[in-house]
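Data block below; observations after.
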Amino acid sequence: MNQINHSLSLTESAKRPLNIIQNIGSIIGFSGLATLLISLFNIYAESQVPYLFYGAIGAISLGTIIYTIGSYGGKTEGIKNDYNWLSGLTSKGSFAWIAGIFITTFYVFLYWFPQHLGLGENGAANKGLVGFFDPLSILLKGEGKFASQWFMYGTLYTLAILIFGIKFIVKYRHNRYQVIRTISVMLFQLGFAFIIPAFLERMSLPYNDFKNVWPLNYYFFDTWNINGMLNAGNIGLFMLIFGIAMVLIITPILTYFFGKRWYCSWVCGCGGLAETAGDSFRHLSDKSQSAWKIERWMIHLVLAISVLMTIAVIYNYRAQETSYLVTTEIFLIGIFSLALILSGLVFYNRNKWIKKQNKIAFQIAGGILISLVAFTAYAYFLKGSNDLFVIQTYKIQKFYGFYIGATFSGVIGVGFYPIMGSRVWCRFGCPMAALLGLQQKFFSRFRITTNGSQCISCGNCSTYCEMGIDVRAYAEKGQDIVRASCVGCGICSAVCPRGVLKLENGPAIQDRATAKRAIFISEDKVGLLD
Amino acid sequence: MKIVIIGNGISGITAAKTLRKHSDHQIIVLSDESELFFSRTALMYVFMGHMRAKDIIPHNKKFYDDNNIELYLTRVRTVDFDSKSIVLEDDNFIDYDRLIIATGSKPRLMNWPGKQLDGVQTLYHIQDLENIERHCENLERGIIVGGGLIGIELAEMLHSRNIPVTMLVRESEYWNSVLPMEEAKMVSDHIRTHNIDLKLNTELNEIWGDKKKVKMILTNTGEKINCEFVGLTVGVQPNIDFLHFTKLEKNKGILINDRLETNMEGVYAIGDCAEIRNPKEGRKNIEAVWYTGRMMGELAAHNILGKELDYNPGVWFNSAKFFDIEYQVYGSVPNNPREGIGQLFWKHPKKDKSIRLVYDLSTKEVMGFNLMGIRYRHEVCEKWISEKTHIEDVLRNLNLANFDPEFFSSYERLLVDAYNQETGSSLKLKQKKSLSNVLNFLSK
C-alpha cells in the first residue's frame, strides 16, 4: 500500500500553519517560560524576584490563552484534529523529541538533583528556580515557609492543568461531558492538590492530598505518614480514616456505579495532566496487541508489588509500635481471611470468568490472591521479625520509590508524553488504575455502548484513545466495550463521525459485551448455535 | 472448496471474514489498490492529519495470516466463467469453485471538456490522496464540482489546509436531492460559515488549461473562475469494465438475484458493483453505501456455505458528517414527500441541530427519523419503524432514542410540544433516557 506517511520522519513535511494570534500567544508564553528558566542562573536581583515570578506565571497563562483563542476562536464548534499527524510536535517529529528530552531532563533534576534547580541544602537559602517560587510559597504557607522543589513542581503542575484545561475546554466546547469533566479535574487539582495542602502546612498539619488514594499514594501506610496523622489530633485521625475509607468503601462504590472514570478522568491529578497538557499527544498511544499484552502484565505486576510492599510496611509498623488499634495477629489473620474469601469467590465463579476473554484476568486475580494467602501465612510464623521478605522491607520501598514512584510515573510518564502519548503511566504503571480496572471489568455498570450498525471502521476512536484500546475492533462488530483500562475520557465518542459510541452506566454488562449486534444475520437464523 | 473474492473493500472482506468464521475453505482475496483492507470513508482523515494511513486499516497482515485468508495485490484482466478461471494482468490464472465479485465503484467522470488536464481529479482511491497532496502545494483556489457526500469531504480536506474552495452544486441547496429542504439549507449555511464559496444552481461547463495544467473553469452561468485544482465528485458507478465481453449479465452493475447470485454458476456479486434485479419496496437497485456492502458480504458468505437466504437489508439507515454537523437517518425520509405524509420538525434556534419525524397521516405509523447534530439509537428507531409504531407512542418514549453523550441538552420535549401544538393533543414524555429502560424496551 502506498502510504502518505509523514509521521515517522524527523523532518516535518506539512507544517501546522500558525496564524498571527497563535504566534503572539506563543511569543508571550515562551517569554514567560524563558523567564523561569533564566532564574536557574541566579542573575535576578532579589527585589525583582516577586515581580519576575508573577510576571512569568502571568505570561505563560496569558500566552496559552491567546494561543487557544488563535487556534479555536474563529472556528466553528467541533472536532479540531487537523495536522495532528502532519506537524512534527504532535507526530513524534524533531520538536516532539526536543520537548520530550526537555521535560525528561527536568524530571531527572527534580527527583535526584534538586540542588541544581536551586534547592537550598541543609538550611541554606533557596536559589535559582526553586528560590524563584519562594514569594508564592510564603504567601500561601506563611512567613519563613520557603519553597521546596516539590512546591515548585506542584505549582507548575497545577498551572499546566489550569491553562491547558482552559485550552481543552475551548477546543471541546461543543461537548458538555468534556467541559464538565475538565472543570472537575481543574478544581480537584487546584483545591485538593495545591491550596488545601498549602493551608494544612500553614496550620502546621501534616501534608495530605485527599484525592491521592492508596495504592497510587504508595506511602500512605508508611510509618512516618501514619505517625504524622496520628500525631495531628482529630484532623489527622480524620485523614487516616478518610484515606482508608477511600480505598475500602468510597472507591468501590463509585466505580460500581460510574466505572473508573470518576477517578481517572474526573479527579486524579495524573489523569488531569494527561487530559489537559497531554491532550495534543493522546493519539500517540500504541494500539498493538503486543502493547496490550505488555500493559496487562506490567500494570498488574505493579499492583501486586505495591500490595505486598504495603503489607510489609504495615506489618513492620506493628512490629515497632506496641500501642495500636489491632495486634499483628489480628492484622495478618484479617488479610489472610479476606484473601481467602476473595480467592474462594474467584474460584467459585471460575467458569463465568474463564469463559472467553476473561481467562487472563482470572489467572492474574487468582495469582495475586493466592500469593497473598501464602504470604500472610508465611508472615504469621515470622512475626516479631523486622523483615517480612527475604529482602528487607525498606529495600522494597526504596526500589518502588525509585523505579515506580519517580522514574515510571514522572520521568517516563510525563517526560515521554510527546513520544508515547499522554497516559503511559496510567496505562502501564499506575496500581490505582489497575485496582479500579479490575473493579471496572468485573463489578461495574459502566461500559461504552455502540450504536447498532452505524460504524464505518474509520479508526478515529482507536486513534484518539489515549489508553491504546482498539475501540474500533469492538465498534465495528457492535459490541459494547468493557475494558479494564478504559478511563472514560469520552473522546472516542466525541471524535466518532457517525455517532456510534456512548459512555453509559447500566445493567447486564457481560452479555452485551460479548453479543455482536452489527451482524446482519443473527447466528440462530442461519443455524449456527455454538 | 476454493473461494476467490475480487476486491478487498468492506463487502469483499466481510465476505472473507464470515466465510472463515464458519468454514475451512480456501479463501483468496485479490485487490489492485492496496494489500490490506482500509476504510475508504476515512481517507479524508488521513489527508487532514487526523490519522495516518495505517490507522484506517482495521486488520493488520497478521490477522489475515492467522485466519488463513490469502491476499494478493494484483489486477484482474478478465474472468473466464466457462472454465471457472480468473485471468490476471500478468497472464497467470487462478481457478475458483466459487467467485465473489466485490469490485466496488469508480468515480463518474462525465464528458466535460478538459477533464484529462493535470489538476483535475476525483476522490476515491488511496492513490488520489497522493495526487491531491501534490496539487495542494501553493494552490490558490480549488474547485469542487458536485454537491454530494464526497464533494463536501473534499471541500473539508482542502479547507483544512487553508485553501480557498469554490463548490459548484447543481441543486438549489446542498444535497437536497436527498435531504429535506430545511436540513439541506442548514448544511448549505454551515458550509458557508467555513468561508467556502458555495455556488448553488451551478454546473460545470468546461475546464480550461494550458500546458496540460488546469487554469480556469467555466460554469453554466457563464462565470469564469481561476483555479489550479478541480475535484470532480458527481457520484460513482459500478467498477465492472474488466468484465465487458463476458457472458456475465450486466446493466449498470452486475445483475444479481435475491441470493446475490449472478447468471453464472457459482458466481456472486456484492456491494457497489452489484445491481439487484428486484429490490425491496422503496429501495434502489444499486445502493453504494458501506452498510449494504457489509450486509451483502455477510449474506454471500452464508449462501456460499449453503444457507439459501434472501437479501433483505431491513430498515434503511445511513449517516454522514458535513464539516461539523453529524447526520443520521433511519427509515424513510423523503426530500419531497408525497401527499399523506406527516412531518414533525424541530430545529434549534441557534445551533445546527434538528430532529425530523416522518409518519403516515392516515395510520399514524412512524416511517422515519432524520437527525442533524443529534445522535439517535439505531436499534430503537429500527424497532419503532419495523413495528409500525404509532407516532404518539414514539413521541411519548422518544427519550429512549437519544444517544447523545451524557450531560448534553436533550430536545425531545420540544418535539413533543411541537406535536401537541400542531394537533391539540397533550402528550407527555414518559421514559427517562436511562440505559436500563432502553434495554427493557429492546428486549420486549
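Residue numbering restarts at 1 in every chain; chains get A, B, ... in the order shown in the C-alpha cells, and ligands count up from 1 in that same order.
Contacts from chain A to chain B at a cut-off of 6 Å (only C-alpha atoms) map to Met1, Gln3, Gly78, Asn81, Asp82, Tyr83, Asn84, Trp85, Leu86, Arg176, Tyr177, Asn451, Gly452, Ser457, Cys458, Gly459, Pro497, Arg498, Gly499, Lys502, Gly506 and Phe520 of chain A.
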May I have the selected residues written with N, CA and C atoms, as a PDB file, in the first residue's frame?
```
ATOM      1  N   MET A   1       0.843  -1.195   0.000  1.00  0.00           N
ATOM      2  CA  MET A   1       0.000   0.000   0.000  1.00  0.00           C
ATOM      3  C   MET A   1       0.876   1.241   0.000  1.00  0.00           C
ATOM      4  N   GLN A   3       1.708   4.679   1.040  1.00  0.00           N
ATOM      5  CA  GLN A   3       1.247   5.429   2.198  1.00  0.00           C
ATOM      6  C   GLN A   3       1.746   6.859   2.149  1.00  0.00           C
ATOM      7  N   GLY A  78     -16.564  21.982  17.089  1.00  0.00           N
ATOM      8  CA  GLY A  78     -16.461  20.630  16.525  1.00  0.00           C
ATOM      9  C   GLY A  78     -15.080  20.059  16.778  1.00  0.00           C
ATOM     10  N   ASN A  81      -8.894  18.233  14.870  1.00  0.00           N
ATOM     11  CA  ASN A  81      -7.691  17.410  14.920  1.00  0.00           C
ATOM     12  C   ASN A  81      -6.815  17.566  13.680  1.00  0.00           C
ATOM     13  N   ASP A  82      -7.059  18.621  12.903  1.00  0.00           N
ATOM     14  CA  ASP A  82      -6.260  18.819  11.700  1.00  0.00           C
ATOM     15  C   ASP A  82      -4.773  18.922  12.049  1.00  0.00           C
ATOM     16  N   TYR A  83      -3.960  18.360  11.190  1.00  0.00           N
ATOM     17  CA  TYR A  83      -2.494  18.459  11.282  1.00  0.00           C
ATOM     18  C   TYR A  83      -1.865  17.628  12.391  1.00  0.00           C
ATOM     19  N   ASN A  84      -2.646  16.905  13.196  1.00  0.00           N
ATOM     20  CA  ASN A  84      -2.036  16.174  14.303  1.00  0.00           C
ATOM     21  C   ASN A  84      -0.946  15.218  13.843  1.00  0.00           C
ATOM     22  N   TRP A  85      -1.184  14.507  12.731  1.00  0.00           N
ATOM     23  CA  TRP A  85      -0.176  13.564  12.249  1.00  0.00           C
ATOM     24  C   TRP A  85       0.702  14.178  11.171  1.00  0.00           C
ATOM     25  N   LEU A  86       0.545  15.474  10.939  1.00  0.00           N
ATOM     26  CA  LEU A  86       1.367  16.115   9.917  1.00  0.00           C
ATOM     27  C   LEU A  86       2.416  17.016  10.547  1.00  0.00           C
ATOM     28  N   ARG A 176     -20.503  18.869  26.275  1.00  0.00           N
ATOM     29  CA  ARG A 176     -20.631  19.244  27.678  1.00  0.00           C
ATOM     30  C   ARG A 176     -19.983  18.229  28.613  1.00  0.00           C
ATOM     31  N   TYR A 177     -19.957  16.967  28.217  1.00  0.00           N
ATOM     32  CA  TYR A 177     -19.272  15.976  29.056  1.00  0.00           C
ATOM     33  C   TYR A 177     -17.807  16.366  29.237  1.00  0.00           C
ATOM     34  N   ASN A 451     -23.534   1.942  18.706  1.00  0.00           N
ATOM     35  CA  ASN A 451     -24.851   2.246  18.153  1.00  0.00           C
ATOM     36  C   ASN A 451     -25.152   1.374  16.943  1.00  0.00           C
ATOM     37  N   GLY A 452     -25.693   0.204  17.199  1.00  0.00           N
ATOM     38  CA  GLY A 452     -26.147  -0.648  16.107  1.00  0.00           C
ATOM     39  C   GLY A 452     -25.085  -0.878  15.051  1.00  0.00           C
ATOM     40  N   SER A 457     -15.807   1.804  10.511  1.00  0.00           N
ATOM     41  CA  SER A 457     -14.435   1.328  10.722  1.00  0.00           C
ATOM     42  C   SER A 457     -13.369   2.367  10.405  1.00  0.00           C
ATOM     43  N   CYS A 458     -13.674   3.648  10.602  1.00  0.00           N
ATOM     44  CA  CYS A 458     -12.724   4.691  10.178  1.00  0.00           C
ATOM     45  C   CYS A 458     -11.481   4.710  11.038  1.00  0.00           C
ATOM     46  N   GLY A 459     -11.637   4.424  12.330  1.00  0.00           N
ATOM     47  CA  GLY A 459     -10.452   4.351  13.178  1.00  0.00           C
ATOM     48  C   GLY A 459     -10.188   5.588  14.026  1.00  0.00           C
ATOM     49  N   PRO A 497     -17.316  10.124  13.826  1.00  0.00           N
ATOM     50  CA  PRO A 497     -18.066  10.930  12.865  1.00  0.00           C
ATOM     51  C   PRO A 497     -19.460  10.384  12.581  1.00  0.00           C
ATOM     52  N   ARG A 498     -19.798   9.237  13.134  1.00  0.00           N
ATOM     53  CA  ARG A 498     -21.082   8.638  12.819  1.00  0.00           C
ATOM     54  C   ARG A 498     -21.970   8.434  14.043  1.00  0.00           C
ATOM     55  N   GLY A 499     -21.558   8.976  15.174  1.00  0.00           N
ATOM     56  CA  GLY A 499     -22.398   8.873  16.369  1.00  0.00           C
ATOM     57  C   GLY A 499     -22.572   7.458  16.866  1.00  0.00           C
ATOM     58  N   LYS A 502     -21.136   5.703  22.964  1.00  0.00           N
ATOM     59  CA  LYS A 502     -21.677   6.459  24.085  1.00  0.00           C
ATOM     60  C   LYS A 502     -21.249   5.832  25.402  1.00  0.00           C
ATOM     61  N   GLY A 506     -25.182   1.082  33.177  1.00  0.00           N
ATOM     62  CA  GLY A 506     -26.428   0.333  33.108  1.00  0.00           C
ATOM     63  C   GLY A 506     -26.211  -1.119  33.453  1.00  0.00           C
ATOM     64  N   PHE A 520     -25.470  -8.713  10.574  1.00  0.00           N
ATOM     65  CA  PHE A 520     -26.696  -8.514   9.843  1.00  0.00           C
ATOM     66  C   PHE A 520     -27.616  -9.717   9.989  1.00  0.00           C
TER      67      PHE A 520
END
```
Would you write out, as a tab-separated table, a table of all residues in stretch 14-60 of chain B that have an atom no more than 12 Å from an atom of stretch 78-95 of chain B, listing for each the closest atom pair and the distance in Å to one decimal, considering only C-alpha atoms and ordering rows by chain and rising residue number?
```
residue	atom	partner	partner_atom	distance
B:Gln26	CA	B:Asp95	CA	11.6
B:Ile27	CA	B:Asp95	CA	11.8
B:Ile28	CA	B:Ile94	CA	9.5
B:Val29	CA	B:Ile94	CA	11.1
B:Leu30	CA	B:Leu88	CA	9.8
B:Ser31	CA	B:Leu88	CA	10.9
B:Asp32	CA	B:Glu89	CA	10.2
```
Could you save those same residues with C-alpha atoms as a PDB file, in the first residue's frame?
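Done, and the output landed in selection35.pdb:
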```pdb
ATOM      1  CA  GLN B  26      -9.527 -21.866   0.923  1.00  0.00           C
ATOM      2  CA  ILE B  27     -10.150 -18.109   0.711  1.00  0.00           C
ATOM      3  CA  ILE B  28      -8.270 -15.850  -1.700  1.00  0.00           C
ATOM      4  CA  VAL B  29      -8.795 -12.089  -1.893  1.00  0.00           C
ATOM      5  CA  LEU B  30      -7.489 -10.078  -4.845  1.00  0.00           C
ATOM      6  CA  SER B  31      -7.039  -6.318  -4.914  1.00  0.00           C
ATOM      7  CA  ASP B  32      -5.203  -3.905  -7.193  1.00  0.00           C
TER       8      ASP B  32
END
```
**OP:** Run DSSP on the backbone and grab whatever in stretch 228-327 of chain B lands in strand (DSSP E or B); send it over as a ChimeraX atom specification.
**Re:** /B:229-232,236-238,250,254-256,261,267-269,274-276,317-322,325-327
With C-alpha atoms retained, export the selected residues as a PDB file, in the first residue's frame.
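Output below, filename selection28.pdb:
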```pdb
ATOM      1  CA  PHE B 229      -7.360  22.224  -8.975  1.00  0.00           C
ATOM      2  CA  VAL B 230     -10.702  20.742  -9.952  1.00  0.00           C
ATOM      3  CA  GLY B 231     -12.234  17.925  -7.913  1.00  0.00           C
ATOM      4  CA  LEU B 232     -14.929  16.037  -9.779  1.00  0.00           C
ATOM      5  CA  VAL B 236     -19.875   6.830  -8.590  1.00  0.00           C
ATOM      6  CA  GLN B 237     -20.744   3.973 -10.905  1.00  0.00           C
ATOM      7  CA  PRO B 238     -20.064   0.233 -10.710  1.00  0.00           C
ATOM      8  CA  LYS B 250     -24.948  -6.645 -16.551  1.00  0.00           C
ATOM      9  CA  ILE B 254     -23.685  -6.830 -12.321  1.00  0.00           C
ATOM     10  CA  LEU B 255     -27.224  -8.184 -12.174  1.00  0.00           C
ATOM     11  CA  ILE B 256     -27.953 -10.392  -9.168  1.00  0.00           C
ATOM     12  CA  GLU B 261     -26.139 -14.847  -7.439  1.00  0.00           C
ATOM     13  CA  VAL B 267     -20.520 -16.514  -9.106  1.00  0.00           C
ATOM     14  CA  TYR B 268     -21.823 -13.890  -6.709  1.00  0.00           C
ATOM     15  CA  ALA B 269     -21.658 -10.112  -6.920  1.00  0.00           C
ATOM     16  CA  ALA B 274     -23.908  -5.260  -7.907  1.00  0.00           C
ATOM     17  CA  GLU B 275     -27.352  -4.373  -9.215  1.00  0.00           C
ATOM     18  CA  ILE B 276     -30.304  -6.182  -7.658  1.00  0.00           C
ATOM     19  CA  PHE B 317     -30.196   3.723   7.657  1.00  0.00           C
ATOM     20  CA  ASN B 318     -27.253   5.900   6.812  1.00  0.00           C
ATOM     21  CA  SER B 319     -25.035   8.529   8.356  1.00  0.00           C
ATOM     22  CA  ALA B 320     -22.511  11.162   7.353  1.00  0.00           C
ATOM     23  CA  LYS B 321     -20.773  14.215   8.671  1.00  0.00           C
ATOM     24  CA  PHE B 322     -20.903  17.584   6.934  1.00  0.00           C
ATOM     25  CA  ILE B 325     -22.698  18.526  11.539  1.00  0.00           C
ATOM     26  CA  GLU B 326     -23.356  14.865  12.163  1.00  0.00           C
ATOM     27  CA  TYR B 327     -26.190  13.362  10.190  1.00  0.00           C
TER      28      TYR B 327
END
```
**OP:** With a distance cut-off of 8 Å and only C-alpha atoms, select the neighbouring residues of A:Ile469, excluding the residue or stretch itself and same-chain residues fewer than 2 positions from it, and output the selection as a ChimeraX atom specification.
**Re:** /A:287,292,462,465-467,471,485-486
